[in-house]
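Colleague: Below is one structure. I have some questions about it.
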Amino acid sequence: MSFRIELAVLSEQKQFCRFGLTVHNLTDQDIADWKLQFIIDRYILPDSFTHGGISQVGSFCTVTPDSQQLIANQHYYCEFSIRTAPLRFYTDGIKDALIITNEGTTTYPVMITPIVLASPYRERSQLPETQSTQLALIPKPSFVECHEGHFHLSESSQITLQASSADKAATWLQQELYELFNFQVQTIGQSDILYRNNPTLDKGEYQLTVSGSGIRLEAGSSIGFVHASATLLQLIQVNSDQSLCVPYVKISDAPRFKYRGMMLDCARHFHPIERVKRLINQLAHYKFNTFHWHLTDDEGWRLEIKAFPELTQVGAYRGTGTPIAPQFSHLSSVYGGYYSQEQVKEIIAYASERGITVIPEIDIPGHCRAAIKSLPHLLQDEEDQSQFRSIQHYTDNVLSPALPGTYEFLDRVLEEVAELFPATWVHIGADEVPDGVWLESPQCQKLMQEHNYQSAKELQGHLLRYAEQKLRKLGKRMVGWEEAQHGNKVSKDTVIYSWLSEEAALNCAKQGFDVILQPGQSTYLDMSQDYSPKEPGVDWAAVIPLESAYHYEPLAEVPDEDPIRKRILGIQCALWCEIITTQQRMDYMVFPRLTAMAEACWTNKNQRDWEDYLSRLKGHLPLLDRQNIEYRQPWK
């Protein structure tokens with residue numbers, strides 16, 4: 001490329017860093033009336049900027065240099081400060097950059113060199129060498145009894161159903177046998193794989209027996225049969241002649257936690273439905289039962305709402321010249337996408353066939369910039385002069401609880417969401433409403449006086465209580481991040497997903513809320529997996545190597561007999577996608593840590609063992625290879 005940008009850390013303190021930025025013109029032509037655009041996910045202090053001025057919306061920055069000419073074979077240099085912890089990874093630097101001239105009508109791509117870090121981490125994580133085991137089951141079952149011998153599947157093998165609730169599981173098994181092993185189960189032939197109803201087994205529980213007479217899968221629920229099928233797929237061994245066999249075993253198994261979920265962020269970057277399906281199918285392999293779908297945020301609205309087509313016509317796309325500025329990537333093009341309601345139904349049906357419930361998230365009252373830009377006539381408070389900046393550097397991303405349009409928006413959106421998604425839960429976000437909102441809005445101040453509210457948090461609670469009551473009328477239960485209880489307005493029927501810490505989760509549980517554990521320090525799969533500066537990811541919550549992910553023990557400090565444990569419904573991991581743009585990057589960030597999280601969700605703590613898990617993981621990797629999962633190599 002003809003232009004290059006360099007970013008270097010000049011000095012750093014605990015929460016304050018100084019940077020130097022250099023733009024090189026490597027051409028033989030002067031560039032006149034130019035500006036620089038770049039993406040960085042931290043807020044640059046405008047008054048700290050030298051040799052020009054800067055404006056920033058979210059992660060999108062525009063630099064107007066003092067010198068209107070970028071001389072051929074010369075460079076432009078500026079410095080600026082950011083209130084941030086020290087940067088440790090190359091992915092902390094500039095994500096994309098462009099030079100624009102002629103008021104943006106001409107653009108020049110810019111090559112980005114890795115950020116020059118002042119103090120990268122010195123630590124490195126290294127796994128102990130271990131021998132692989134052939135019985136590579138993840139998550140580890142409750143009880144396994146091994147016997148000598150193998151049962152061989154043949155061309156005449158047949159699946160037989162003696163339980164109507166096993167129909168979906170058997171179909172899934174048939175599909176996976178073909179996709180993974182190119183093995184076609186006959187519709188007629190020898191009854192080798194038998195699904196049989198066992199009403200004594202609780203929901204999710206199953207028994208699997210492999211002997212000389214065949215393979216028997218027993219459960220008392222459709223989800224139990226899916227879990228049994230997942231275990232069978234992991235047991236299958238491929239012989240040298242490519243035939244399949246299964247070791248003789250007897251397995252009795254049941255989940256540790258009722259709720260075992262994963263959240264995927266499709267708002268920051270849009271993931272096509274085939275990528276979403278692929279992840280859901282992988283979740284079924286590891287006995288997850290919930291897919292939490294983050295569909296809206298500041299940077300994109302991904303769900304078709306027929307009452308408001310503008311939400312996807314405008315809110316699903318971002319780029320220069322659109323109402324939503326570029327964010328995180330794709331500076332030179334309009335970027336985006338959304339899911340039609342028919343596609344959503346397709347995803348829901350696909351997940352249901354694999355025993356997975358899809359919970360939608362419509363984020364309110366913060367993280368709403370895409371919605372506000374799409375429906376300004378309903379959602380923009382023209383009189384509001386409040387000064388605030390959200391954690392992602394927006395000054396205009398919060399719904400107003402005093403506008404009638406806000407409630408019209410909520411009514412129509414929640415009605416369509418409730419009709420579209422069969423799940424009994426709807427997630428409404430509620431996190432990261434910044435300080436300073438609504439304080440300079442005459443309408444919000446009037447609302448506070450009418451209800452004798454003492455703080456803006458009570459206005460947040462006012463709006464969330466309305467959403468909760470609306471959802472209840474629609475037959476749904478509201479769930480949200482732990483900030484949903486701010487303002488003390490929602491009922492204890494709301495389920496809290498705790499992301500800040502496990503301590504925050506326990507505080508909510510002590511108040512009487514049911515809680516899902518999702519502490520960022522242990523369960524966020526967008527966190528870097530090692531300390532090398534080349535490692536992709538972020539570290540604001542923690543660096544989470546595979547060992548740390550595996551050693552997350554929920555409620556480790558809470559006695560087994562403590563009644564508060566009954567309020568903890570389960571665990572969820574999450575993949576936020578600010579820097580997840582491709583299938584390859586998604587695979588790398590998710591695997592193999594998802595297998596470690598699966599064991600935290602499923603396997604009782606007294607049966608979990610780090611080195612035993614590593615032995616099973618090493619034996620399990622060939623199954624990941626068969627799925628073409630480009631996982632992070634654990635032992636490299």
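In the structure tokens, the first chain shown is A, the next is B, and so on; residue numbers restart at 1 for each chain, and ligands run from 1 in the order shown.
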Any idea what's packed within 8 Å of Ala456 (chain A), counting only C-alpha atoms, ignoring anything in its chain fewer than 4 positions away? Could you give it as a PyMOL selection string?
Modeller: chain A and resi 437-439+460
Colleague: Find the residues around Gln343 (chain A) up to 12 Å (only C-alpha atoms counted), leave out those fewer than 3 positions away in its own chain, and share them as a ChimeraX atom specification.
Modeller: /A:272-274,276-277,302-304,338-340,346-350,420-421
Colleague: Limited to N, CA, C and O atoms, could you put the picked residues into a file as a PDB file, in the first residue's frame?
Modeller:
```pdb
ATOM      1  N   PRO A 272     -23.835 -14.627   9.594  1.00  0.00           N
ATOM      2  CA  PRO A 272     -24.861 -15.247   8.744  1.00  0.00           C
ATOM      3  C   PRO A 272     -25.507 -16.441   9.428  1.00  0.00           C
ATOM      4  O   PRO A 272     -24.925 -17.047  10.345  1.00  0.00           O
ATOM      5  N   ILE A 273     -26.705 -16.795   8.969  1.00  0.00           N
ATOM      6  CA  ILE A 273     -27.459 -17.840   9.674  1.00  0.00           C
ATOM      7  C   ILE A 273     -26.714 -19.175   9.677  1.00  0.00           C
ATOM      8  O   ILE A 273     -26.840 -19.941  10.637  1.00  0.00           O
ATOM      9  N   GLU A 274     -25.941 -19.475   8.652  1.00  0.00           N
ATOM     10  CA  GLU A 274     -25.215 -20.743   8.643  1.00  0.00           C
ATOM     11  C   GLU A 274     -24.153 -20.771   9.729  1.00  0.00           C
ATOM     12  O   GLU A 274     -23.871 -21.819  10.317  1.00  0.00           O
ATOM     13  N   VAL A 276     -24.447 -19.097  12.600  1.00  0.00           N
ATOM     14  CA  VAL A 276     -25.215 -19.231  13.838  1.00  0.00           C
ATOM     15  C   VAL A 276     -25.635 -20.693  14.037  1.00  0.00           C
ATOM     16  O   VAL A 276     -25.504 -21.243  15.132  1.00  0.00           O
ATOM     17  N   LYS A 277     -26.120 -21.322  12.985  1.00  0.00           N
ATOM     18  CA  LYS A 277     -26.510 -22.737  13.070  1.00  0.00           C
ATOM     19  C   LYS A 277     -25.316 -23.610  13.457  1.00  0.00           C
ATOM     20  O   LYS A 277     -25.442 -24.531  14.265  1.00  0.00           O
ATOM     21  N   ARG A 302     -30.490  -6.181  14.412  1.00  0.00           N
ATOM     22  CA  ARG A 302     -30.402  -7.354  13.538  1.00  0.00           C
ATOM     23  C   ARG A 302     -31.709  -8.112  13.357  1.00  0.00           C
ATOM     24  O   ARG A 302     -31.731  -9.127  12.660  1.00  0.00           O
ATOM     25  N   LEU A 303     -32.795  -7.677  13.957  1.00  0.00           N
ATOM     26  CA  LEU A 303     -34.039  -8.440  13.926  1.00  0.00           C
ATOM     27  C   LEU A 303     -35.116  -7.677  13.170  1.00  0.00           C
ATOM     28  O   LEU A 303     -35.430  -6.529  13.512  1.00  0.00           O
ATOM     29  N   GLU A 304     -35.702  -8.313  12.164  1.00  0.00           N
ATOM     30  CA  GLU A 304     -36.800  -7.696  11.435  1.00  0.00           C
ATOM     31  C   GLU A 304     -37.991  -7.476  12.363  1.00  0.00           C
ATOM     32  O   GLU A 304     -38.470  -8.407  13.015  1.00  0.00           O
ATOM     33  N   TYR A 338     -29.178  -8.382   8.627  1.00  0.00           N
ATOM     34  CA  TYR A 338     -30.174  -8.657   9.654  1.00  0.00           C
ATOM     35  C   TYR A 338     -30.837  -9.982   9.348  1.00  0.00           C
ATOM     36  O   TYR A 338     -30.673 -10.572   8.273  1.00  0.00           O
ATOM     37  N   TYR A 339     -31.592 -10.461  10.335  1.00  0.00           N
ATOM     38  CA  TYR A 339     -32.313 -11.726  10.206  1.00  0.00           C
ATOM     39  C   TYR A 339     -33.784 -11.428   9.967  1.00  0.00           C
ATOM     40  O   TYR A 339     -34.423 -10.734  10.769  1.00  0.00           O
ATOM     41  N   SER A 340     -34.310 -11.957   8.876  1.00  0.00           N
ATOM     42  CA  SER A 340     -35.750 -11.850   8.652  1.00  0.00           C
ATOM     43  C   SER A 340     -36.467 -12.725   9.670  1.00  0.00           C
ATOM     44  O   SER A 340     -35.872 -13.640  10.270  1.00  0.00           O
ATOM     45  N   GLU A 346     -36.411 -20.287  11.311  1.00  0.00           N
ATOM     46  CA  GLU A 346     -35.538 -21.378  10.871  1.00  0.00           C
ATOM     47  C   GLU A 346     -34.492 -21.708  11.934  1.00  0.00           C
ATOM     48  O   GLU A 346     -34.233 -22.884  12.234  1.00  0.00           O
ATOM     49  N   ILE A 347     -33.896 -20.669  12.520  1.00  0.00           N
ATOM     50  CA  ILE A 347     -32.903 -20.863  13.581  1.00  0.00           C
ATOM     51  C   ILE A 347     -33.554 -21.509  14.807  1.00  0.00           C
ATOM     52  O   ILE A 347     -32.996 -22.435  15.424  1.00  0.00           O
ATOM     53  N   ILE A 348     -34.733 -21.032  15.183  1.00  0.00           N
ATOM     54  CA  ILE A 348     -35.429 -21.572  16.362  1.00  0.00           C
ATOM     55  C   ILE A 348     -35.743 -23.051  16.160  1.00  0.00           C
ATOM     56  O   ILE A 348     -35.535 -23.870  17.063  1.00  0.00           O
ATOM     57  N   ALA A 349     -36.237 -23.402  14.973  1.00  0.00           N
ATOM     58  CA  ALA A 349     -36.563 -24.801  14.694  1.00  0.00           C
ATOM     59  C   ALA A 349     -35.300 -25.658  14.702  1.00  0.00           C
ATOM     60  O   ALA A 349     -35.296 -26.780  15.240  1.00  0.00           O
ATOM     61  N   TYR A 350     -34.231 -25.139  14.131  1.00  0.00           N
ATOM     62  CA  TYR A 350     -32.952 -25.854  14.097  1.00  0.00           C
ATOM     63  C   TYR A 350     -32.449 -26.120  15.506  1.00  0.00           C
ATOM     64  O   TYR A 350     -32.005 -27.230  15.835  1.00  0.00           O
ATOM     65  N   LEU A 420     -42.782 -14.236  18.022  1.00  0.00           N
ATOM     66  CA  LEU A 420     -41.804 -14.921  17.182  1.00  0.00           C
ATOM     67  C   LEU A 420     -41.036 -16.001  17.929  1.00  0.00           C
ATOM     68  O   LEU A 420     -40.774 -17.083  17.387  1.00  0.00           O
ATOM     69  N   PHE A 421     -40.678 -15.736  19.183  1.00  0.00           N
ATOM     70  CA  PHE A 421     -39.822 -16.650  19.945  1.00  0.00           C
ATOM     71  C   PHE A 421     -40.666 -17.464  20.921  1.00  0.00           C
ATOM     72  O   PHE A 421     -41.314 -16.891  21.806  1.00  0.00           O
TER      73      PHE A 421
END
```
Colleague: Leaving out Leu98 (chain A) and any residue of its chain fewer than 2 positions from it, which residues lie within 8 Å of it when counting only C-alpha atoms, given as a ChimeraX atom specification?
Modeller: /A:36-38,96,100,107-110,331-332
Colleague: Could you pull out all residues of region 452-565 of chain A with a DSSP call of strand (DSSP E) and give them as a ChimeraX atom specification?
Modeller: /A:477-481,495-498,515-517
Colleague: Which polymer residues have any atom within 8 Å of an atom of region 29-33 of chain A, counting only C-alpha atoms, with same-chain residues fewer than 3 positions away left out, as a ChimeraX atom specification?
Modeller: /A:68-72,101-102
Colleague: Can you tell me how far CA of Ala505 (chain A) sits from CA of Arg567 (chain A), in Å to one decimal?
Modeller: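 So the two atoms, CA of Ala505 (chain A) and CA of Arg567 (chain A), lie 9.7 Å apart.
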Colleague: Mind pulling up the distance from CA of Ala118 (chain A) to CA of Lys95 (chain A)?
Modeller: 18.6 Å
Colleague: Identify which of the residues A:Met478, A:Cys245, A:Ile359, A:Leu233 lies closest to Ser157 (chain A), counting only C-alpha atoms when measuring atom-to-atom distances.
Modeller: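 Checking each candidate against Ser157 (chain A), we get A:Cys245 as the closest.
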Colleague: DSSP says helix (DSSP H, G or I) for which residues of region 376-564 of chain A? Put them as a PyMOL selection string?
Modeller: chain A and resi 376-379+404-420+442-451+456-473+482-485+502-510+520-523+546-550+563-564
Colleague: Hey, which bits of region 279-376 of chain A sit within 12 Å of region 252-265 of chain A, and for each residue what's the closest pair of atoms and how far apart in Å (one decimal), counting only C-alpha atoms, rows by chain and increasing number, as JSON lines?
Modeller:
```
{"residue": "A:Leu279", "atom": "CA", "partner": "A:Leu264", "partner_atom": "CA", "distance": 9.0}
{"residue": "A:Ile280", "atom": "CA", "partner": "A:Met262", "partner_atom": "CA", "distance": 9.2}
{"residue": "A:Gln282", "atom": "CA", "partner": "A:Met262", "partner_atom": "CA", "distance": 10.9}
{"residue": "A:Leu283", "atom": "CA", "partner": "A:Met262", "partner_atom": "CA", "distance": 8.0}
{"residue": "A:Ala284", "atom": "CA", "partner": "A:Gly261", "partner_atom": "CA", "distance": 10.5}
{"residue": "A:Tyr286", "atom": "CA", "partner": "A:Arg260", "partner_atom": "CA", "distance": 9.8}
{"residue": "A:Lys287", "atom": "CA", "partner": "A:Arg260", "partner_atom": "CA", "distance": 7.8}
{"residue": "A:Phe288", "atom": "CA", "partner": "A:Arg260", "partner_atom": "CA", "distance": 5.0}
{"residue": "A:Asn289", "atom": "CA", "partner": "A:Arg260", "partner_atom": "CA", "distance": 5.6}
{"residue": "A:Thr290", "atom": "CA", "partner": "A:Gly261", "partner_atom": "CA", "distance": 4.4}
{"residue": "A:Phe291", "atom": "CA", "partner": "A:Met262", "partner_atom": "CA", "distance": 5.4}
{"residue": "A:His292", "atom": "CA", "partner": "A:Met263", "partner_atom": "CA", "distance": 4.3}
{"residue": "A:Trp293", "atom": "CA", "partner": "A:Leu264", "partner_atom": "CA", "distance": 5.5}
{"residue": "A:His294", "atom": "CA", "partner": "A:Asp265", "partner_atom": "CA", "distance": 4.7}
{"residue": "A:Leu295", "atom": "CA", "partner": "A:Asp265", "partner_atom": "CA", "distance": 6.8}
{"residue": "A:Thr296", "atom": "CA", "partner": "A:Asp265", "partner_atom": "CA", "distance": 8.5}
{"residue": "A:Asp297", "atom": "CA", "partner": "A:Asp265", "partner_atom": "CA", "distance": 9.1}
{"residue": "A:Asp298", "atom": "CA", "partner": "A:Asp265", "partner_atom": "CA", "distance": 11.9}
{"residue": "A:Glu299", "atom": "CA", "partner": "A:Asp265", "partner_atom": "CA", "distance": 11.1}
{"residue": "A:Gly300", "atom": "CA", "partner": "A:Asp265", "partner_atom": "CA", "distance": 10.5}
{"residue": "A:Trp301", "atom": "CA", "partner": "A:Asp265", "partner_atom": "CA", "distance": 11.3}
{"residue": "A:Arg302", "atom": "CA", "partner": "A:Asp265", "partner_atom": "CA", "distance": 10.3}
{"residue": "A:Gly355", "atom": "CA", "partner": "A:Arg260", "partner_atom": "CA", "distance": 11.5}
{"residue": "A:Ile356", "atom": "CA", "partner": "A:Gly261", "partner_atom": "CA", "distance": 9.0}
{"residue": "A:Thr357", "atom": "CA", "partner": "A:Gly261", "partner_atom": "CA", "distance": 9.1}
{"residue": "A:Val358", "atom": "CA", "partner": "A:Gly261", "partner_atom": "CA", "distance": 9.6}
{"residue": "A:Ile359", "atom": "CA", "partner": "A:Met263", "partner_atom": "CA", "distance": 9.1}
{"residue": "A:Pro360", "atom": "CA", "partner": "A:Met263", "partner_atom": "CA", "distance": 9.7}
{"residue": "A:Glu361", "atom": "CA", "partner": "A:Met263", "partner_atom": "CA", "distance": 9.6}
{"residue": "A:Ile362", "atom": "CA", "partner": "A:Asp265", "partner_atom": "CA", "distance": 11.5}
{"residue": "A:Asp363", "atom": "CA", "partner": "A:Asp265", "partner_atom": "CA", "distance": 11.5}
```
Colleague: Write the residues of the selection above to a file with N, CA, C and O atoms, as a tab-separated table (two decimals), in the first residue's frame.
Modeller:
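That gives us result_35.tsv:
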```tsv
chain	number	residue	atom	x	y	z
A	279	LEU	N	-22.75	-22.88	15.23
A	279	LEU	CA	-22.47	-22.76	16.66
A	279	LEU	C	-23.52	-23.50	17.48
A	279	LEU	O	-23.19	-24.20	18.45
A	280	ILE	N	-24.78	-23.37	17.12
A	280	ILE	CA	-25.84	-24.06	17.85
A	280	ILE	C	-25.63	-25.57	17.80
A	280	ILE	O	-25.80	-26.28	18.81
A	282	GLN	N	-22.80	-27.09	17.53
A	282	GLN	CA	-21.68	-27.38	18.43
A	282	GLN	C	-22.13	-27.37	19.89
A	282	GLN	O	-21.67	-28.19	20.70
A	283	LEU	N	-23.02	-26.45	20.23
A	283	LEU	CA	-23.53	-26.41	21.61
A	283	LEU	C	-24.25	-27.71	21.95
A	283	LEU	O	-24.13	-28.21	23.08
A	284	ALA	N	-24.97	-28.27	21.00
A	284	ALA	CA	-25.66	-29.54	21.25
A	284	ALA	C	-24.67	-30.66	21.53
A	284	ALA	O	-24.94	-31.54	22.35
A	286	TYR	N	-22.09	-30.47	23.21
A	286	TYR	CA	-21.55	-30.35	24.58
A	286	TYR	C	-22.65	-30.14	25.62
A	286	TYR	O	-22.37	-29.67	26.72
A	287	LYS	N	-23.87	-30.50	25.23
A	287	LYS	CA	-24.99	-30.58	26.18
A	287	LYS	C	-25.40	-29.23	26.75
A	287	LYS	O	-25.95	-29.15	27.86
A	288	PHE	N	-25.17	-28.16	26.01
A	288	PHE	CA	-25.78	-26.88	26.35
A	288	PHE	C	-27.25	-26.95	25.97
A	288	PHE	O	-27.64	-27.67	25.05
A	289	ASN	N	-28.08	-26.19	26.68
A	289	ASN	CA	-29.52	-26.23	26.37
A	289	ASN	C	-30.12	-24.85	26.08
A	289	ASN	O	-31.33	-24.75	25.85
A	290	THR	N	-29.28	-23.79	26.07
A	290	THR	CA	-29.79	-22.45	25.83
A	290	THR	C	-28.85	-21.67	24.94
A	290	THR	O	-27.62	-21.66	25.16
A	291	PHE	N	-29.42	-21.02	23.93
A	291	PHE	CA	-28.68	-20.10	23.06
A	291	PHE	C	-29.26	-18.71	23.26
A	291	PHE	O	-30.40	-18.44	22.93
A	292	HIS	N	-28.47	-17.83	23.86
A	292	HIS	CA	-28.86	-16.45	24.14
A	292	HIS	C	-28.37	-15.61	22.97
A	292	HIS	O	-27.18	-15.48	22.73
A	293	TRP	N	-29.32	-15.01	22.25
A	293	TRP	CA	-29.02	-14.34	20.98
A	293	TRP	C	-29.09	-12.84	21.18
A	293	TRP	O	-30.17	-12.25	21.30
A	294	HIS	N	-27.92	-12.20	21.21
A	294	HIS	CA	-27.81	-10.74	21.39
A	294	HIS	C	-28.03	-10.08	20.03
A	294	HIS	O	-27.13	-10.04	19.18
A	295	LEU	N	-29.22	-9.53	19.82
A	295	LEU	CA	-29.67	-9.12	18.49
A	295	LEU	C	-29.63	-7.61	18.26
A	295	LEU	O	-29.75	-7.18	17.10
A	296	THR	N	-29.53	-6.81	19.30
A	296	THR	CA	-29.54	-5.36	19.12
A	296	THR	C	-28.50	-4.71	20.01
A	296	THR	O	-28.21	-5.19	21.11
A	297	ASP	N	-27.95	-3.62	19.51
A	297	ASP	CA	-26.98	-2.85	20.30
A	297	ASP	C	-26.79	-1.50	19.63
A	297	ASP	O	-27.48	-1.17	18.66
A	298	ASP	N	-25.84	-0.73	20.13
A	298	ASP	CA	-25.57	0.58	19.54
A	298	ASP	C	-25.18	0.48	18.07
A	298	ASP	O	-25.51	1.35	17.27
A	299	GLU	N	-24.47	-0.58	17.72
A	299	GLU	CA	-23.84	-0.67	16.40
A	299	GLU	C	-24.69	-1.40	15.37
A	299	GLU	O	-24.29	-1.48	14.20
A	300	GLY	N	-25.82	-1.95	15.78
A	300	GLY	CA	-26.63	-2.64	14.79
A	300	GLY	C	-27.90	-3.21	15.38
A	300	GLY	O	-27.93	-3.66	16.53
A	301	TRP	N	-28.96	-3.17	14.56
A	301	TRP	CA	-30.24	-3.81	14.91
A	301	TRP	C	-30.43	-4.95	13.92
A	301	TRP	O	-30.53	-4.73	12.72
A	302	ARG	N	-30.49	-6.18	14.41
A	302	ARG	CA	-30.40	-7.35	13.54
A	302	ARG	C	-31.71	-8.11	13.36
A	302	ARG	O	-31.73	-9.13	12.66
A	355	GLY	N	-32.47	-29.71	21.04
A	355	GLY	CA	-32.74	-29.55	22.47
A	355	GLY	C	-32.31	-28.22	23.03
A	355	GLY	O	-32.07	-28.10	24.24
A	356	ILE	N	-32.23	-27.19	22.19
A	356	ILE	CA	-31.72	-25.89	22.62
A	356	ILE	C	-32.81	-24.83	22.47
A	356	ILE	O	-33.43	-24.70	21.43
A	357	THR	N	-33.02	-24.08	23.56
A	357	THR	CA	-33.97	-22.97	23.57
A	357	THR	C	-33.26	-21.68	23.17
A	357	THR	O	-32.15	-21.41	23.65
A	358	VAL	N	-33.88	-20.89	22.31
A	358	VAL	CA	-33.30	-19.62	21.86
A	358	VAL	C	-33.97	-18.48	22.61
A	358	VAL	O	-35.18	-18.28	22.52
A	359	ILE	N	-33.16	-17.74	23.38
A	359	ILE	CA	-33.65	-16.58	24.12
A	359	ILE	C	-33.17	-15.32	23.42
A	359	ILE	O	-31.96	-15.11	23.27
A	360	PRO	N	-34.09	-14.45	22.96
A	360	PRO	CA	-33.67	-13.22	22.29
A	360	PRO	C	-33.31	-12.14	23.29
A	360	PRO	O	-33.85	-12.08	24.39
A	361	GLU	N	-32.39	-11.27	22.90
A	361	GLU	CA	-32.09	-10.08	23.70
A	361	GLU	C	-32.35	-8.83	22.88
A	361	GLU	O	-31.78	-8.64	21.80
A	362	ILE	N	-33.22	-7.97	23.39
A	362	ILE	CA	-33.49	-6.65	22.86
A	362	ILE	C	-33.01	-5.66	23.91
A	362	ILE	O	-33.64	-5.51	24.95
A	363	ASP	N	-31.91	-5.00	23.67
A	363	ASP	CA	-31.22	-4.23	24.71
A	363	ASP	C	-31.87	-2.87	24.92
A	363	ASP	O	-31.96	-2.06	23.99
```
Colleague: Using only C-alpha atoms, which of the listed residues (A:Glu611, A:Glu148, A:Glu205, A:Glu382) sits closest to Val246 (chain A)?
Modeller: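 The answer is A:Glu148, which sits nearest to Val246 (chain A).
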Colleague: With only C-alpha atoms as the counted atoms, please give the residues lying no more than 7 Å from region 165-172 of chain A, apart from itself and same-chain residues fewer than 2 positions off, as a PyMOL selection string.
Modeller: chain A and resi 161+163+174-176+195+221-222+225-226+229+353-354
Colleague: Which residues are near Gln74 (chain A)? Cut-off 12 Å, only C-alpha atoms, ignore same chain within fewer than 6 positions. Put them as a compact mmCIF listing (two decimals) with all heavy atoms, in the first residue's frame.
Modeller:
```
# COMPACT_ATOMS: atom_id res chain seq x y z
N SER A 2 0.29 2.37 -0.37
CA SER A 2 1.04 3.62 -0.52
C SER A 2 1.05 4.47 0.74
O SER A 2 1.75 5.48 0.80
CB SER A 2 0.45 4.43 -1.68
OG SER A 2 0.54 3.69 -2.87
N PHE A 3 0.25 4.08 1.73
CA PHE A 3 0.21 4.81 3.00
C PHE A 3 0.31 3.81 4.15
O PHE A 3 -0.22 2.69 4.07
CB PHE A 3 -1.08 5.62 3.13
CG PHE A 3 -1.25 6.65 2.05
CD1 PHE A 3 -1.90 6.35 0.88
CD2 PHE A 3 -0.73 7.93 2.23
CE1 PHE A 3 -2.05 7.29 -0.12
CE2 PHE A 3 -0.87 8.88 1.23
CZ PHE A 3 -1.53 8.56 0.05
N ARG A 4 0.97 4.23 5.22
CA ARG A 4 1.14 3.33 6.38
C ARG A 4 0.92 4.13 7.64
O ARG A 4 1.32 5.30 7.73
CB ARG A 4 2.53 2.71 6.37
CG ARG A 4 2.72 1.64 7.46
CD ARG A 4 4.06 0.94 7.39
NE ARG A 4 5.13 1.78 7.93
CZ ARG A 4 6.17 2.22 7.22
NH1 ARG A 4 6.25 1.93 5.94
NH2 ARG A 4 7.10 2.97 7.80
N THR A 22 1.80 8.02 13.71
CA THR A 22 2.52 8.50 12.53
C THR A 22 1.84 7.97 11.27
O THR A 22 1.55 6.77 11.19
CB THR A 22 3.99 8.04 12.54
OG1 THR A 22 4.59 8.42 13.78
CG2 THR A 22 4.76 8.68 11.39
N VAL A 23 1.59 8.86 10.31
CA VAL A 23 1.05 8.47 9.01
C VAL A 23 2.12 8.75 7.96
O VAL A 23 2.58 9.90 7.83
CB VAL A 23 -0.24 9.24 8.66
CG1 VAL A 23 -0.78 8.80 7.30
CG2 VAL A 23 -1.29 9.04 9.74
N HIS A 24 2.52 7.72 7.22
CA HIS A 24 3.56 7.85 6.20
C HIS A 24 2.93 7.91 4.82
O HIS A 24 2.09 7.06 4.47
CB HIS A 24 4.51 6.65 6.26
CG HIS A 24 5.27 6.54 7.53
ND1 HIS A 24 6.47 7.19 7.74
CD2 HIS A 24 5.00 5.87 8.69
CE1 HIS A 24 6.91 6.90 8.96
NE2 HIS A 24 6.04 6.10 9.56
N ASN A 25 3.32 8.90 4.04
CA ASN A 25 2.96 8.96 2.63
C ASN A 25 4.11 8.35 1.84
O ASN A 25 5.18 8.96 1.69
CB ASN A 25 2.72 10.41 2.20
CG ASN A 25 2.31 10.53 0.74
OD1 ASN A 25 2.31 9.55 0.00
ND2 ASN A 25 1.98 11.74 0.32
N LEU A 26 3.93 7.15 1.34
CA LEU A 26 4.99 6.43 0.64
C LEU A 26 4.92 6.63 -0.87
O LEU A 26 5.62 5.96 -1.62
CB LEU A 26 4.89 4.94 0.97
CG LEU A 26 4.89 4.59 2.47
CD1 LEU A 26 4.72 3.09 2.67
CD2 LEU A 26 6.17 5.08 3.13
N THR A 27 4.08 7.57 -1.30
CA THR A 27 3.92 7.83 -2.73
C THR A 27 4.81 9.00 -3.16
O THR A 27 5.45 9.66 -2.33
CB THR A 27 2.46 8.16 -3.08
OG1 THR A 27 2.15 9.49 -2.63
CG2 THR A 27 1.50 7.18 -2.43
N ASP A 28 4.78 9.26 -4.46
CA ASP A 28 5.50 10.41 -5.00
C ASP A 28 4.58 11.61 -5.22
O ASP A 28 4.95 12.57 -5.89
CB ASP A 28 6.15 10.03 -6.34
CG ASP A 28 7.24 8.97 -6.17
OD1 ASP A 28 7.92 9.01 -5.12
OD2 ASP A 28 7.38 8.11 -7.06
N GLN A 29 3.37 11.54 -4.64
CA GLN A 29 2.39 12.60 -4.83
C GLN A 29 2.03 13.24 -3.48
O GLN A 29 1.84 12.54 -2.49
CB GLN A 29 1.10 12.04 -5.46
CG GLN A 29 1.31 11.40 -6.81
CD GLN A 29 1.64 12.42 -7.89
OE1 GLN A 29 1.11 13.54 -7.88
NE2 GLN A 29 2.51 12.05 -8.82
N ASP A 30 1.94 14.56 -3.47
CA ASP A 30 1.41 15.24 -2.29
C ASP A 30 -0.10 14.99 -2.22
O ASP A 30 -0.78 14.89 -3.25
CB ASP A 30 1.65 16.74 -2.38
CG ASP A 30 3.14 17.09 -2.38
OD1 ASP A 30 3.95 16.21 -2.07
OD2 ASP A 30 3.45 18.26 -2.71
N ILE A 31 -0.62 14.92 -1.01
CA ILE A 31 -2.06 14.77 -0.79
C ILE A 31 -2.56 16.04 -0.12
O ILE A 31 -2.07 16.42 0.95
CB ILE A 31 -2.38 13.53 0.08
CG1 ILE A 31 -1.85 12.27 -0.56
CG2 ILE A 31 -3.89 13.42 0.33
CD1 ILE A 31 -2.50 11.91 -1.88
```
Colleague: Of the residues A:Leu617, A:Val9, A:Ala267, A:Ala371, which is the one nearest to Tyr335 (chain A), using only C-alpha atoms?
Modeller: A:Ala267
